[in-house]
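The structure appears right after this line, and notes come after that.
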Amino acid sequence: MPEDPKPLPRDLIGWAAWIAVVGAPVFLLVVALAWDDVPQLLTAATAGVFVAGFATLVVRLPSSRDDDDDDGAVV
């Protein structure tokens, strides 16, 4: 019988960044459809959350790829 798989890593910062990047535009869409007079502070704060989440994801990208010097396909 195979062993149980290892649990997924708990990357809370990554999860929070993805929730911000996906959730902020969805939140703005719902607020725009449901609320006639949206406060500018709420809109600006939501835009800031989106930008912070996007910047977090970009900063956490690997700085280089670990490519082999091989020019062929890996089979």
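Naming scheme: A, B, ... for chains in displayed order of the structure tokens; residues 1 onward per chain; ligands 1 onward as shown.
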Please identify all polymer residues within 7 Å of range 45-56 of chain A, counting only C-alpha atoms, omitting same-chain residues fewer than 5 positions from it, and present them as an MDAnalysis selection string. chainID A and resid 17:18 20:21 24
Hey, what does DSSP flag as alpha helix (DSSP H) within chain A? Can you give it to me as a PyMOL selection string? chain A and resi 12-34+40-59
Expressed in Å, the length from CA of Phe27 in chain A to CA of Ala44 in chain A is 12.4 Å
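Considering the residues A:Arg65, A:Lys6, A:Trp15, A:Thr43 and counting only C-alpha atoms, Val31 in chain A has its shortest atom-to-atom contact with A:Thr43.
Relative to CA of Pro25 in chain A, CA of Val38 in chain A is found at 14.4 Å.
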How many Å lie between CA of Arg60 in chain A and CA of Pro5 in chain A, rounded to one decimal? 25.8 Å
